[in-house]
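The structure file upload36.txt is reproduced below (compact mmCIF, C-alpha atoms).
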# COMPACT_ATOMS: atom_id res chain seq x y z
CA MET S 880 74.89 43.58 -17.91
CA LYS S 881 73.21 41.71 -20.73
CA ARG S 882 74.69 38.45 -19.42
CA ASP S 883 73.22 39.10 -15.94
CA ARG S 884 69.84 39.80 -17.43
CA LEU S 885 69.90 36.52 -19.35
CA LEU S 886 70.96 34.68 -16.19
CA TRP S 887 68.07 36.14 -14.22
CA LEU S 888 65.68 35.27 -17.01
CA ALA S 889 66.95 31.69 -16.95
CA ILE S 890 66.58 31.52 -13.18
CA ILE S 891 63.04 32.94 -13.35
CA LEU S 892 62.16 30.49 -16.11
CA ILE S 893 63.50 27.55 -14.12
CA LEU S 894 61.67 28.69 -10.98
CA GLY S 895 58.51 29.15 -13.03
CA LEU S 896 58.81 25.62 -14.38
CA PHE S 897 59.36 24.25 -10.87
CA ILE S 898 56.31 26.14 -9.60
CA TYR S 899 54.22 25.06 -12.58
CA PHE S 900 55.07 21.38 -12.29
CA GLY S 901 54.75 21.59 -8.53
CA LEU S 902 51.26 23.03 -8.84
CA GLU S 903 50.41 20.42 -11.47
CA ARG S 904 51.62 17.68 -9.13
CA TYR S 905 49.65 19.16 -6.22
CA ALA S 906 46.53 19.46 -8.36
CA SER S 907 46.97 15.87 -9.50
CA ILE S 908 47.22 14.67 -5.89
CA LEU S 909 44.13 16.67 -4.94
CA LYS S 910 42.27 15.33 -7.95
CA LYS S 911 43.25 11.78 -7.04
CA GLU S 912 42.12 12.32 -3.45
CA ASP S 913 38.84 13.81 -4.69
CA LEU S 914 38.31 10.82 -6.96
CA GLU S 915 39.06 8.41 -4.12
CA GLU S 916 36.69 10.31 -1.82
CA ALA S 917 34.00 10.33 -4.51
CA LYS S 918 34.43 6.57 -5.00
CA LYS S 919 34.24 6.05 -1.23
CA ILE S 920 31.03 8.09 -1.00
CA GLU S 921 29.57 6.24 -3.98
CA LYS S 922 30.41 2.92 -2.33
CA ILE S 923 28.77 4.00 0.95
CA GLU S 924 25.64 5.20 -0.90
CA LYS S 925 25.43 1.95 -2.85
CA LYS S 926 25.72 -0.02 0.38
CA ARG S 927 23.08 2.11 2.11
CA ASN S 928 20.66 1.79 -0.82
CA THR S 929 21.10 -1.97 -1.04
CA ILE S 930 20.53 -2.43 2.70
CA ASN S 931 17.46 -0.17 2.59
CA ASN S 932 16.08 -2.13 -0.37
CA LEU S 933 16.58 -5.44 1.41
CA GLN S 934 14.95 -4.04 4.53
CA SER S 935 11.97 -2.95 2.41
CA SER S 936 11.31 -6.39 0.96
CA LYS S 937 7.70 -7.51 0.60
CA LEU S 938 5.77 -10.64 1.40
CA PHE S 939 2.10 -11.04 0.46
CA GLY S 940 2.13 -7.41 -0.71
CA ILE S 941 3.15 -6.11 2.74
CA LYS S 942 6.38 -4.16 3.04
CA LEU S 943 8.86 -4.52 5.87
CA GLY S 944 9.56 -1.24 7.65
CA ASP S 945 6.12 0.20 6.87
CA SER S 946 3.72 1.45 9.52
CA PRO S 947 1.55 -1.34 10.99
CA ILE S 948 -1.09 1.26 11.87
CA SER S 949 -1.46 2.31 8.23
CA LEU S 950 -1.66 -1.34 7.18
CA LEU S 951 -4.44 -2.14 9.66
CA PHE S 952 -6.39 0.96 8.59
CA GLN S 953 -6.22 -0.27 4.99
CA LEU S 954 -7.16 -3.83 5.88
CA LYS S 955 -10.24 -2.61 7.77
CA ASN S 956 -10.98 -0.05 5.04
CA LEU S 957 -10.89 2.78 7.57
CA ALA S 958 -9.84 6.36 7.00
CA SER S 959 -6.44 7.10 8.55
CA SER S 960 -7.75 9.62 11.06
CA TYR S 961 -7.34 10.34 14.76
CA GLY S 962 -10.99 9.49 15.34
CA ASN S 963 -10.43 5.92 14.17
CA LEU S 964 -7.32 5.22 16.26
CA ASP S 965 -9.30 3.57 19.05
CA LYS S 966 -10.40 0.92 16.53
CA ILE S 967 -6.76 -0.01 15.95
CA ILE S 968 -4.83 0.91 19.10
CA GLU S 969 -5.37 0.00 22.74
CA PRO S 970 -5.02 2.61 25.52
CA SER S 971 -1.62 1.05 26.28
CA GLY S 972 -0.36 2.15 22.85
CA LEU S 973 -0.15 -1.38 21.48
CA LEU S 974 -2.12 -2.58 18.49
CA LYS S 975 -5.36 -4.36 19.33
CA GLY S 976 -5.01 -8.12 19.38
CA THR S 977 -1.27 -8.03 20.08
CA LYS S 978 0.17 -11.39 21.10
CA PHE S 979 3.30 -11.41 23.26
CA ASN S 980 6.30 -13.66 22.56
CA PHE S 981 4.62 -15.55 19.72
CA PHE S 982 7.02 -18.44 18.93
CA THR S 983 10.03 -16.52 20.28
CA VAL S 984 10.63 -14.20 23.23
CA GLY S 985 10.72 -10.44 22.69
CA ASN S 986 8.18 -9.83 19.94
CA PHE S 987 4.77 -8.24 19.50
CA THR S 988 2.57 -10.04 16.97
CA VAL S 989 -0.79 -9.30 15.33
CA LEU S 990 -2.99 -11.74 13.42
CA LEU S 991 -4.05 -9.84 10.30
CA ASN S 992 -7.04 -12.08 9.56
CA ASP S 993 -8.89 -10.39 12.45
CA TYR S 994 -8.63 -7.05 10.61
CA ILE S 995 -9.28 -8.04 7.00
CA ASP S 996 -12.44 -6.55 5.47
CA GLU S 997 -12.64 -8.23 2.06
CA GLU S 998 -15.61 -6.22 0.79
CA GLY S 999 -14.09 -2.94 1.94
CA MET S 1000 -10.73 -3.67 0.29
CA GLN S 1001 -12.44 -4.73 -2.93
CA SER S 1002 -14.46 -1.51 -2.98
CA GLN S 1003 -11.22 0.46 -2.70
CA VAL S 1004 -9.76 -1.48 -5.62
CA LYS S 1005 -12.88 -0.71 -7.68
CA TYR S 1006 -12.68 2.98 -6.72
CA CYS S 1007 -9.01 3.08 -7.75
CA GLU S 1008 -9.73 1.44 -11.12
CA ASP S 1009 -12.65 3.81 -11.81
CA LEU S 1010 -10.42 6.77 -10.94
CA TYR S 1011 -7.77 5.64 -13.44
CA ASP S 1012 -10.45 5.28 -16.11
CA LYS S 1013 -11.91 8.67 -15.27
CA ILE S 1014 -8.63 10.56 -15.62
CA GLY S 1015 -7.64 8.48 -18.66
CA LYS S 1016 -4.40 7.25 -17.12
CA GLN S 1017 -3.02 3.86 -18.09
CA LYS S 1018 -2.90 1.44 -15.16
CA ASN S 1019 -0.78 -1.68 -14.75
CA GLU S 1020 -1.06 -4.82 -12.63
CA TYR S 1021 0.40 -2.99 -9.62
CA SER S 1022 -1.73 0.17 -9.79
CA CYS S 1023 -4.72 -0.86 -7.68
CA LEU S 1024 -3.66 -3.67 -5.39
CA LYS S 1025 -5.19 -4.70 -2.10
CA PRO S 1026 -3.00 -4.01 0.95
CA ILE S 1027 -2.53 -7.77 1.34
CA GLN S 1028 -2.03 -10.25 -1.50
CA LYS S 1029 -3.34 -13.55 -0.20
CA ASN S 1030 -1.98 -16.85 -1.43
CA LYS S 1031 -4.40 -19.79 -1.52
CA ASP S 1032 -1.65 -22.03 -0.11
CA PHE S 1033 -1.60 -20.03 3.15
CA SER S 1034 -4.35 -19.56 5.71
CA LYS S 1035 -3.29 -17.14 8.49
CA TYR S 1036 -1.21 -14.00 8.07
CA TYR S 1037 0.74 -12.18 10.78
CA ILE S 1038 3.04 -9.24 11.33
CA LYS S 1039 5.48 -8.50 14.14
CA TYR S 1040 6.20 -4.89 15.00
CA HIS S 1041 8.30 -2.63 17.16
CA PRO S 1042 5.71 -0.96 19.46
CA TYR S 1043 7.34 2.42 20.04
CA GLY S 1044 9.28 5.00 18.10
CA ASP S 1045 8.53 4.68 14.41
CA MET S 1046 6.48 1.50 15.06
CA LYS S 1047 7.84 -0.41 12.08
CA ILE S 1048 6.79 -3.78 10.74
CA SER S 1049 9.75 -5.99 11.59
CA SER S 1050 8.42 -9.29 10.29
CA ILE S 1051 5.74 -10.78 8.02
CA PHE S 1052 4.79 -14.44 8.25
CA ALA S 1053 2.02 -16.88 7.44
CA SER S 1054 0.93 -20.46 8.09
CA LEU S 1055 0.95 -22.99 5.29
CA ASN S 1056 -2.47 -24.38 4.45
CA LYS S 1057 -1.26 -27.97 4.64
CA GLU S 1058 -1.25 -30.67 7.30
CA TYR S 1059 1.80 -30.51 9.57
CA LYS S 1060 3.53 -33.88 10.00
CA ASN S 1061 7.01 -33.34 11.38
CA PHE S 1062 10.02 -31.04 11.19
CA ASN S 1063 11.58 -32.43 8.02
CA SER S 1064 8.33 -32.58 6.06
CA CYS S 1065 7.60 -28.99 7.12
CA VAL S 1066 10.96 -27.82 5.77
CA LYS S 1067 10.37 -29.67 2.50
CA ASP S 1068 6.87 -28.18 2.18
CA LEU S 1069 8.14 -24.64 2.73
CA ARG S 1070 11.25 -24.87 0.53
CA PRO S 1071 9.53 -24.16 -2.85
CA TYR S 1072 8.06 -20.92 -1.45
CA VAL S 1073 11.47 -19.94 -0.09
CA ASN S 1074 12.98 -20.47 -3.55
CA VAL S 1075 10.46 -18.06 -5.11
CA ILE S 1076 11.06 -15.40 -2.44
CA VAL S 1077 14.87 -15.67 -2.66
CA LYS S 1078 14.79 -15.47 -6.47
CA ARG S 1079 12.68 -12.30 -6.35
CA ILE S 1080 14.88 -10.63 -3.71
CA LYS S 1081 18.04 -11.44 -5.69
CA LYS S 1082 16.47 -9.97 -8.82
CA ASP S 1083 15.51 -6.78 -6.98
CA ASN S 1084 18.96 -6.51 -5.36
CA PRO S 1085 21.73 -7.40 -7.87
CA ASP S 1086 24.53 -6.00 -5.66
CA LYS S 1087 27.50 -8.42 -5.74
CA ASN S 1088 28.34 -7.58 -2.12
CA ILE S 1089 25.24 -9.43 -0.89
CA ILE S 1090 26.13 -12.71 0.78
CA ILE S 1091 23.44 -15.39 0.95
CA GLU S 1092 23.75 -18.13 3.56
CA ASP S 1093 21.26 -20.88 2.74
CA ASN S 1094 20.53 -23.24 5.62
CA PHE S 1095 16.93 -23.99 4.74
CA TYR S 1096 17.25 -27.76 4.70
CA PRO S 1097 16.10 -30.73 6.78
CA THR S 1098 18.74 -31.65 9.37
CA GLU S 1099 19.37 -34.18 12.10
CA ASN S 1100 17.88 -32.89 15.36
CA GLY S 1101 16.45 -30.08 13.26
CA GLU S 1102 13.65 -29.39 15.71
CA TRP S 1103 16.22 -27.49 17.76
CA ASN S 1104 17.06 -25.17 14.87
CA PHE S 1105 15.35 -22.75 12.51
CA PRO S 1106 15.72 -23.50 8.79
CA GLN S 1107 16.66 -20.14 7.34
CA VAL S 1108 18.18 -18.14 4.50
CA ILE S 1109 20.25 -15.16 5.66
CA PHE S 1110 21.04 -12.10 3.55
CA LYS S 1111 24.18 -10.25 4.65
CA TYR S 1112 26.11 -7.31 3.25
CA LYS S 1113 29.82 -7.96 2.85
CA GLY S 1114 32.09 -6.21 5.36
CA ASP S 1115 34.65 -3.60 4.26
CA GLU S 1116 37.70 -1.76 5.61
CA THR S 1117 35.50 0.26 7.99
CA TYR S 1118 33.05 -2.42 9.16
CA HIS S 1119 34.93 -5.70 8.92
CA ASP S 1120 32.02 -7.91 9.97
CA ASP S 1121 29.29 -8.75 7.48
CA ILE S 1122 26.01 -6.97 8.23
CA TRP S 1123 23.03 -9.26 8.82
CA VAL S 1124 20.23 -7.51 6.92
CA LEU S 1125 17.37 -9.92 6.21
CA THR S 1126 16.22 -13.42 7.17
CA ILE S 1127 13.78 -15.86 5.59
CA LYS S 1128 12.87 -18.34 8.29
CA GLY S 1129 10.75 -21.43 8.73
CA TYR S 1130 8.94 -22.37 11.95
CA CYS S 1131 8.71 -26.12 11.92
CA ASN S 1132 9.05 -27.07 15.57
CA ASP S 1133 5.90 -25.68 17.17
CA PRO S 1134 4.25 -28.36 19.33
CA ILE S 1135 1.20 -26.19 20.09
CA HIS S 1136 -0.06 -24.95 16.72
CA LYS S 1137 1.09 -27.93 14.66
CA GLU S 1138 1.44 -25.70 11.61
CA SER S 1139 4.20 -24.79 9.16
CA PHE S 1140 5.10 -21.10 9.13
CA ILE S 1141 7.25 -19.05 6.77
CA GLU S 1142 8.64 -15.66 7.84
CA ILE S 1143 10.64 -12.77 6.42
CA GLU S 1144 12.27 -10.53 9.04
CA VAL S 1145 14.61 -7.55 9.45
CA PRO S 1146 16.67 -8.18 12.62
CA ALA S 1147 17.49 -4.47 12.95
CA PHE S 1148 13.77 -3.66 13.35
CA VAL S 1149 13.20 -6.17 16.15
CA PRO S 1150 13.07 -4.70 19.70
CA ASN S 1151 16.18 -5.56 21.66
CA TYR S 1152 15.93 -7.05 25.14
CA LYS S 1153 16.21 -3.68 26.88
CA GLU S 1154 13.42 -2.17 24.76
CA TRP S 1155 11.21 -5.23 25.16
CA SER S 1156 11.73 -5.25 28.94
CA LYS S 1157 10.82 -1.57 29.16
CA VAL S 1158 7.58 -2.10 27.23
CA MET S 1159 6.60 -5.11 29.33
CA LYS S 1160 7.34 -3.25 32.58
CA GLU S 1161 5.18 -0.32 31.50
CA LEU S 1162 2.33 -2.70 30.63
CA ASN S 1163 2.64 -4.60 33.92
CA ASP S 1164 2.81 -1.36 35.93
CA LYS S 1165 -0.36 -0.13 34.23
CA LYS S 1166 -2.14 -3.43 34.91
CA GLU S 1167 -1.09 -3.28 38.56
CA LEU S 1168 -2.37 0.31 38.83
CA ASP S 1169 -5.67 -0.57 37.15
CA LEU S 1170 -6.07 -3.59 39.46
CA LYS S 1171 -5.38 -1.44 42.51
CA ASN S 1172 -7.84 1.26 41.42
CA ASP S 1173 -10.56 -1.31 40.69
CA PHE S 1174 -9.97 -2.98 44.04
CA ASN S 1175 -10.17 0.33 45.95
CA LYS S 1176 -13.31 1.29 44.07
CA ASN S 1177 -15.03 -2.01 44.85
CA ALA S 1178 -13.85 -2.01 48.45
CA SER S 1179 -15.31 1.45 49.09
CA ASP S 1180 -18.54 0.84 47.18
CA LYS S 1181 -21.62 1.54 49.32
CA LYS S 1182 -23.24 -1.73 48.29
CA PHE S 1183 -20.81 -3.58 50.52
CA LYS S 1184 -22.37 -3.53 54.03
CA ILE S 1185 -20.16 -4.62 56.89
CA GLU S 1186 -20.47 -4.73 60.66
CA LYS S 1187 -18.47 -1.77 62.00
CA LYS S 1188 -18.92 -2.46 65.71
CA GLY S 1189 -15.56 -2.64 67.48
CA LEU S 1190 -13.77 -1.24 64.49
CA GLN S 1191 -14.36 2.45 65.06
CA GLU S 1192 -13.92 2.63 68.85
When written as structure tokens, how does the structure in this file appear?
Amino acid sequence: MKRDRLLWLAIILILGLFIYFGLERYASILKKEDLEEAKKIEKIEKKRNTINNLQSSKLFGIKLGDSPISLLFQLKNLASSYGNLDKIIEPSGLLKGTKFNFFTVGNFTVLLNDYIDEEGMQSQVKYCEDLYDKIGKQKNEYSCLKPIQKNKDFSKYYIKYHPYGDMKISSIFASLNKEYKNFNSCVKDLRPYVNVIVKRIKKDNPDKNIIIEDNFYPTENGEWNFPQVIFKYKGDETYHDDIWVLTIKGYCNDPIHKESFIEIEVPAFVPNYKEWSKVMKELNDKKELDLKNDFNKNASDKKFKIEKKGLQE
């Protein structure tokens, strides 16, 4: 009887050890899976943050992805209110002064110089500085900036935007305040500014998964190409292809303006062909309707006297 009891105790002990080590092994597997999942999530978050940071890059103090409406309100020193919308937006929903297909097809462009109120912006800077002094808060060089930081080497400033949805700024560009000669000289003139922009973006985005393709150089038959620096995010096991996030581009082949332009653009914010076509169709349909209504109004106006004999019988 005693021997049986000892045997059962041994069996229970052995079973207990098996269960214990089995649970330990299971817990270890779960822990490993949790760690792998946590690393995966951390990697995805890091990727998302880096892409968002690249897509929020600035040029001349203007941020990509921001609202163009808010920017134009600030440039004109207007309160962001519904009552002021007609000073910024046309009845069609587009921003006033919008140029279609400026340089390339499928974009909506606004010349910012037409909106800039230097005195108004300066008064806002003064108000901001006085407010800091009043509340006794320490300000730095970035505390009270104008909505656009002009560079004396550039003369005209533009933005491109996506006209519907969130209406984001997709591109910021400007013309170099220097005589345009030819494609190669344009590329050489723009290159030092590209170097400064690239250096700043790299500093703000130290992620090692960023791939930089630098093709901003003079080339043979270069007038058929855009000199550009492309920022991509390295592909992974889920998305094998590298993601094209940001482009710094030079326009050096414009026979009309004869100017050198530098641009920073987020391809993902640019309207695709389907979206662009829809916008243009809506605009054309509205123009056709307005033309028809104006024609009918003028045709039926009483001031037009015609001979009706033979027409009514």
Practice problem: Would you mind reading off the distance between atom CA of Leu1055 of chain S and atom CA of Thr983 of chain S, one decimal, in Å? | Solution: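 Between atom CA of Leu1055 of chain S and atom CA of Thr983 of chain S the gap is 18.7 Å.
In this model, the gap between atom CA of Trp1123 of chain S and atom CA of Tyr1037 of chain S comes to 22.6 Å.
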Practice problem: Find the residues around segment 957-973 of chain S up to 12 Å (all atoms listed in the file counted), leave out those fewer than 4 positions away in its own chain, and share them as an NGL selection string. | Solution: :S and (946-953 or 977-979 or 986-989 or 991 or 993-996 or 999-1000 or 1002-1003 or 1039-1044 or 1046 or 1158-1166 or 1169)
Quiz item: At what distance in Å, to one decimal, does atom CA of Asn1056 of chain S lie from atom CA of Leu933 of chain S?
Solution: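 It comes out at 27.0 Å.
Around Lys1029 of chain S, within 12 Å and counting all atoms listed in the file, the residues found are S:Leu938, S:Phe939, S:Gly940, S:Ile941, S:Leu991, S:Asn992, S:Ile995, S:Glu997, S:Leu1024, S:Lys1025, S:Pro1026, S:Ile1027, S:Lys1031, S:Asp1032, S:Phe1033, S:Ser1034, S:Lys1035, S:Tyr1036, S:Tyr1037, S:Phe1052, S:Ala1053, S:Ser1054, S:Leu1055, S:Asn1056, once anything fewer than 2 positions away on its own chain is removed.
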Exercise. Can you work out which one of S:Leu1069, S:Val1149, S:Ile1141, S:Val984 has the shortest atom-to-atom distance to Lys1047 of chain S, counting all atoms listed in the file?
Key: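 Smallest distance to Lys1047 of chain S is found for S:Val1149.
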Hey, can I get the axis-aligned box for segment 1153-1163 of chain S? All listed atoms, 5 Å padding on each side, centre and edge lengths in Å to one decimal, as AutoDock Vina command-line options.
--center_x 9.3 --center_y -2.8 --center_z 29.3 --size_x 23.9 --size_y 14.9 --size_z 19.2
Exercise. Would you mind telling me which residue in S:Pro1097, S:Pro1085, S:Gly976, S:Gly985 lies nearest to Cys1065 of chain S when using all atoms listed in the file?
Key: S:Pro1097
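Counting all atoms listed in the file and comparing S:Ser1139, S:Thr1126, S:Asn932, S:Gln1028, the residue that lies closest to Ser1050 of chain S is S:Thr1126.
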Quiz prompt | Residue contacts of Val1145 of chain S (10 Å, only C-alpha atoms) excluding same-chain residues fewer than 5 positions away, as a PyMOL selection string | solution = chain S and resi 933-936+943-944+1048-1051+1110+1123-1127
Exercise. Kindly indicate which residue among S:Ile1038, S:Ile1135, S:Leu894, S:Val1108 lies nearest to Ile1090 of chain S, using all atoms listed in the file for the distances.
Key: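 Nearest candidate to Ile1090 of chain S out of S:Ile1038, S:Ile1135, S:Leu894, S:Val1108: S:Val1108.
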Practice problem: Measuring atom to atom with only C-alpha atoms, identify which of S:Lys1157, S:Lys925, S:Lys1013, S:Lys1060 is nearest to Glu1138 of chain S. | Solution: S:Lys1060
